[in-house]
Amino acid sequence: MSDTPVVTWTTDAPGVVVVTMDRPPANALGIPLLDGLHAAIDAAEQAGDVKVMVITSAREGFFAAGADIKHMSTIDAASFLAYGDRMRAVNDRLAAAGWISIAAVDGLALGGGLELAMACTLRVAGPRAKLGLPEVRLGLIPGAGGTQRLPQLVGRGRALDIMLTARQVPADEALRIGLVDRLAEDDVVKGALELAGDLVGSSLPAQLAVVRTVDAAFAMPLEEGFAFEAQQEQGLFEDGEAAEGIAAFVAKRPPSFA
Ligand SMILES: CCCCCCCCCCCCC[C@H](O)CC(=O)SCCNC(=O)CCNC(=O)[C@H](O)C(C)(C)COP(=O)(O)OP(=O)(O)OC[C@H]1O[C@@H](n2cnc3c(N)ncnc32)[C@H](O)[C@@H]1OP(=O)(O)O
């Protein structure tokens, strides 16, 4: 068994961490890779100063090929459930993290690999990116959040088309339908870091409140969503973020946010 870490992380700029998956041959999301992603999230939580996390791949042609089918072929139902829980836990931790996450995809992101990318706040695709949820070809459904997150990004009809046909969506179509947010001409990590650079100057608490409020719009009736929005806005006044942003504007100086 190789002791080469399958997940590494580096800090490329203040507040920005780049997490790289490298599990030969296809970044199948087996236990070693899931454990590595949990460890990277643990490290970011312990650091306490992460504003943006980029998640990418060192595997040529692959972001992540999905759940580890070979592993699934060897386990019983109970282990299958535990495996699914561990995969969903990575996605749920990312979706609720105290930072903005960006999936930098320039290869195949299939099944659980696309579910991982969709659990991130934003997605940047390179020209070689192809994204899909082919689980029906295995007699499965996208069981790590894909049936919930894909329709929120691309709408019901397109989500059904993608999941029912198991097809791979190329980068340009993914941008057009909202499955990815930006296209990088070549170096997808460079593109993700440019996006990170557009994020880090603003208030992270305010950005996280925007993410929570947008997500709430899919989970509650409109009037409750308006009330939740007002509650989030009030919290930003109470924790001083808004006061600092407004004072900085008036004083014509850069804000010093939390
Ligand atoms: C029983 C009660 C349980 C109750 C339910 C409980 C809930 C369970 C929830 C589980 C969580 C679900 C999570 C997720 O939604 C499920 C999935 O992700 S399923 C997997 C989805 N992914 C795929 O289907 C992709 C499969 N791979 C391919 O189609 C092709 O490999 C490819 C990616 C298109 C590449 O094709 P090629 O270029 O031709 O290359 P190869 O096919 O030769 O592959 C190269 C090499 O990589 C290995 N590999 C590729 N994908 C995987 C994979 N997903 N898992 C493991 N290994 C993979 C492939 O075997 C080759 O390896 P080699 O043979 O060379 O050693």
# chains A, B, ... in the order shown; residues from 1 in each chain; ligands from 1
>>> residues_near_ligand(ligand="ligand 1", cutoff="6 Å", atoms="only C-alpha atoms and all ligand atoms", output="PyMOL selection string")
chain A and resi 25-26+28+65-70+77+80-81+84+110-112+134-135+142-144
>>> select_by_dssp(residues="stretch 5-248 of chain A", states="alpha helix (DSSP H)", output="PyMOL selection string")
chain A and resi 31-47+69-72+77-95+112-119+146-154+156-165+171-177+188-199+204-217+222-238+241-248
>>> closest_residue(among="A:Ala89, A:Ala43, A:Val18, A:Ala248", to="A:Val188", atoms="only C-alpha atoms")
A:Val18
>>> residues_around(residues="stretch 214-228 of chain A", least_positions_apart="6", cutoff="12 Å", atoms="only C-alpha atoms", output="ChimeraX atom specification")
/A:95-96,119,121,148-149,151-153,155,207-208,234-235
>>> write_last_selection(atoms="N, CA, C and O atoms", output="compact mmCIF listing (two decimals), in the first residue's frame")
# COMPACT_ATOMS: atom_id res chain seq x y z
N ALA A 95 -20.41 22.06 2.28
CA ALA A 95 -21.56 22.96 2.04
C ALA A 95 -21.81 23.87 3.24
O ALA A 95 -22.33 24.98 3.09
N ALA A 96 -21.41 23.41 4.43
CA ALA A 96 -21.68 24.19 5.65
C ALA A 96 -20.42 24.84 6.21
O ALA A 96 -20.43 25.41 7.31
N ALA A 119 -21.15 20.27 -4.10
CA ALA A 119 -21.23 20.64 -2.68
C ALA A 119 -20.40 21.89 -2.40
O ALA A 119 -20.59 22.55 -1.38
N THR A 121 -19.18 25.78 -3.03
CA THR A 121 -19.97 26.99 -3.27
C THR A 121 -20.02 27.35 -4.75
O THR A 121 -21.08 27.70 -5.28
N GLN A 148 -30.40 16.37 -5.33
CA GLN A 148 -30.88 17.62 -4.72
C GLN A 148 -30.13 18.84 -5.25
O GLN A 148 -30.74 19.88 -5.52
N ARG A 149 -28.83 18.70 -5.42
CA ARG A 149 -28.05 19.89 -5.80
C ARG A 149 -28.10 20.16 -7.30
O ARG A 149 -28.08 21.32 -7.72
N PRO A 151 -30.57 19.79 -9.63
CA PRO A 151 -31.73 20.59 -10.06
C PRO A 151 -31.66 22.04 -9.58
O PRO A 151 -32.11 22.96 -10.26
N GLN A 152 -31.06 22.26 -8.42
CA GLN A 152 -30.94 23.65 -7.92
C GLN A 152 -30.02 24.46 -8.82
O GLN A 152 -30.17 25.67 -8.95
N LEU A 153 -29.05 23.78 -9.45
CA LEU A 153 -28.10 24.51 -10.29
C LEU A 153 -28.60 24.69 -11.71
O LEU A 153 -28.42 25.75 -12.33
N GLY A 155 -31.87 23.36 -13.00
CA GLY A 155 -33.30 23.21 -13.25
C GLY A 155 -33.70 21.74 -13.39
O GLY A 155 -32.87 20.86 -13.67
N GLN A 207 -20.49 37.11 3.06
CA GLN A 207 -20.57 36.16 1.95
C GLN A 207 -21.24 34.85 2.39
O GLN A 207 -22.09 34.30 1.69
N LEU A 208 -20.87 34.37 3.57
CA LEU A 208 -21.49 33.13 4.08
C LEU A 208 -22.97 33.34 4.34
O LEU A 208 -23.78 32.44 4.11
N GLN A 234 -29.56 41.36 9.97
CA GLN A 234 -29.46 41.88 11.34
C GLN A 234 -28.21 41.35 12.03
O GLN A 234 -27.49 42.07 12.71
N GLY A 235 -27.91 40.07 11.76
CA GLY A 235 -26.73 39.48 12.39
C GLY A 235 -25.45 40.17 11.97
O GLY A 235 -24.53 40.34 12.77
>>> atom_distance(atom1="atom CA of A:Gln46", atom2="atom CA of A:Val19")
15.1 Å
>>> closest_atom_pairs(of="stretch 7-111 of chain A", to="stretch 189-203 of chain A", cutoff="12 Å", atoms="only C-alpha atoms", output="Markdown table")
| residue | atom | partner | partner_atom | distance |
| --- | --- | --- | --- | --- |
| A:Thr11 | CA | A:Leu193 | CA | 11.1 |
| A:Asp12 | CA | A:Leu193 | CA | 8.6 |
| A:Ala13 | CA | A:Leu193 | CA | 8.9 |
| A:Pro14 | CA | A:Val200 | CA | 8.8 |
| A:Gly15 | CA | A:Val200 | CA | 7.5 |
| A:Val16 | CA | A:Ala196 | CA | 7.3 |
| A:Val17 | CA | A:Leu193 | CA | 9.6 |
| A:Val18 | CA | A:Val189 | CA | 8.5 |
| A:Val19 | CA | A:Val189 | CA | 10.4 |
| A:Thr20 | CA | A:Val189 | CA | 10.1 |
| A:Asp49 | CA | A:Val200 | CA | 11.4 |
| A:Val50 | CA | A:Val200 | CA | 9.9 |
| A:Lys51 | CA | A:Val200 | CA | 6.6 |
| A:Val52 | CA | A:Ala196 | CA | 6.3 |
| A:Met53 | CA | A:Ala196 | CA | 8.4 |
| A:Val54 | CA | A:Ala192 | CA | 6.9 |
| A:Ile55 | CA | A:Val189 | CA | 8.8 |
| A:Thr56 | CA | A:Val189 | CA | 7.3 |
| A:Ser57 | CA | A:Val189 | CA | 9.3 |
| A:Ala58 | CA | A:Val189 | CA | 10.6 |
| A:Phe63 | CA | A:Val189 | CA | 11.9 |
| A:Trp99 | CA | A:Val200 | CA | 10.2 |
| A:Ile100 | CA | A:Leu199 | CA | 8.5 |
| A:Ser101 | CA | A:Ala196 | CA | 9.0 |
| A:Ile102 | CA | A:Ala192 | CA | 6.7 |
| A:Ala103 | CA | A:Ala192 | CA | 7.8 |
| A:Ala104 | CA | A:Val189 | CA | 5.9 |
| A:Val105 | CA | A:Val189 | CA | 8.4 |
| A:Asp106 | CA | A:Val189 | CA | 8.9 |
>>> atom_distance(atom1="atom CA of A:Gly107", atom2="atom CA of A:Lys130")
6.0 Å
>>> select_by_dssp(residues="stretch 3-190 of chain A", states="strand (DSSP E or B)", output="ChimeraX atom specification")
/A:7-13,16-21,28-29,52-57,62-64,66-67,100-105,108-110,122-125,130-132,169-170,182-183
>>> closest_residue(among="A:Ile141, A:Leu164, A:Leu34, A:Ala206", to="A:Met21", atoms="only C-alpha atoms")
A:Leu34
>>> closest_residue(among="A:Leu204, A:Val124, A:Val211, A:Leu138", to="A:Leu175", atoms="only C-alpha atoms")
A:Val124
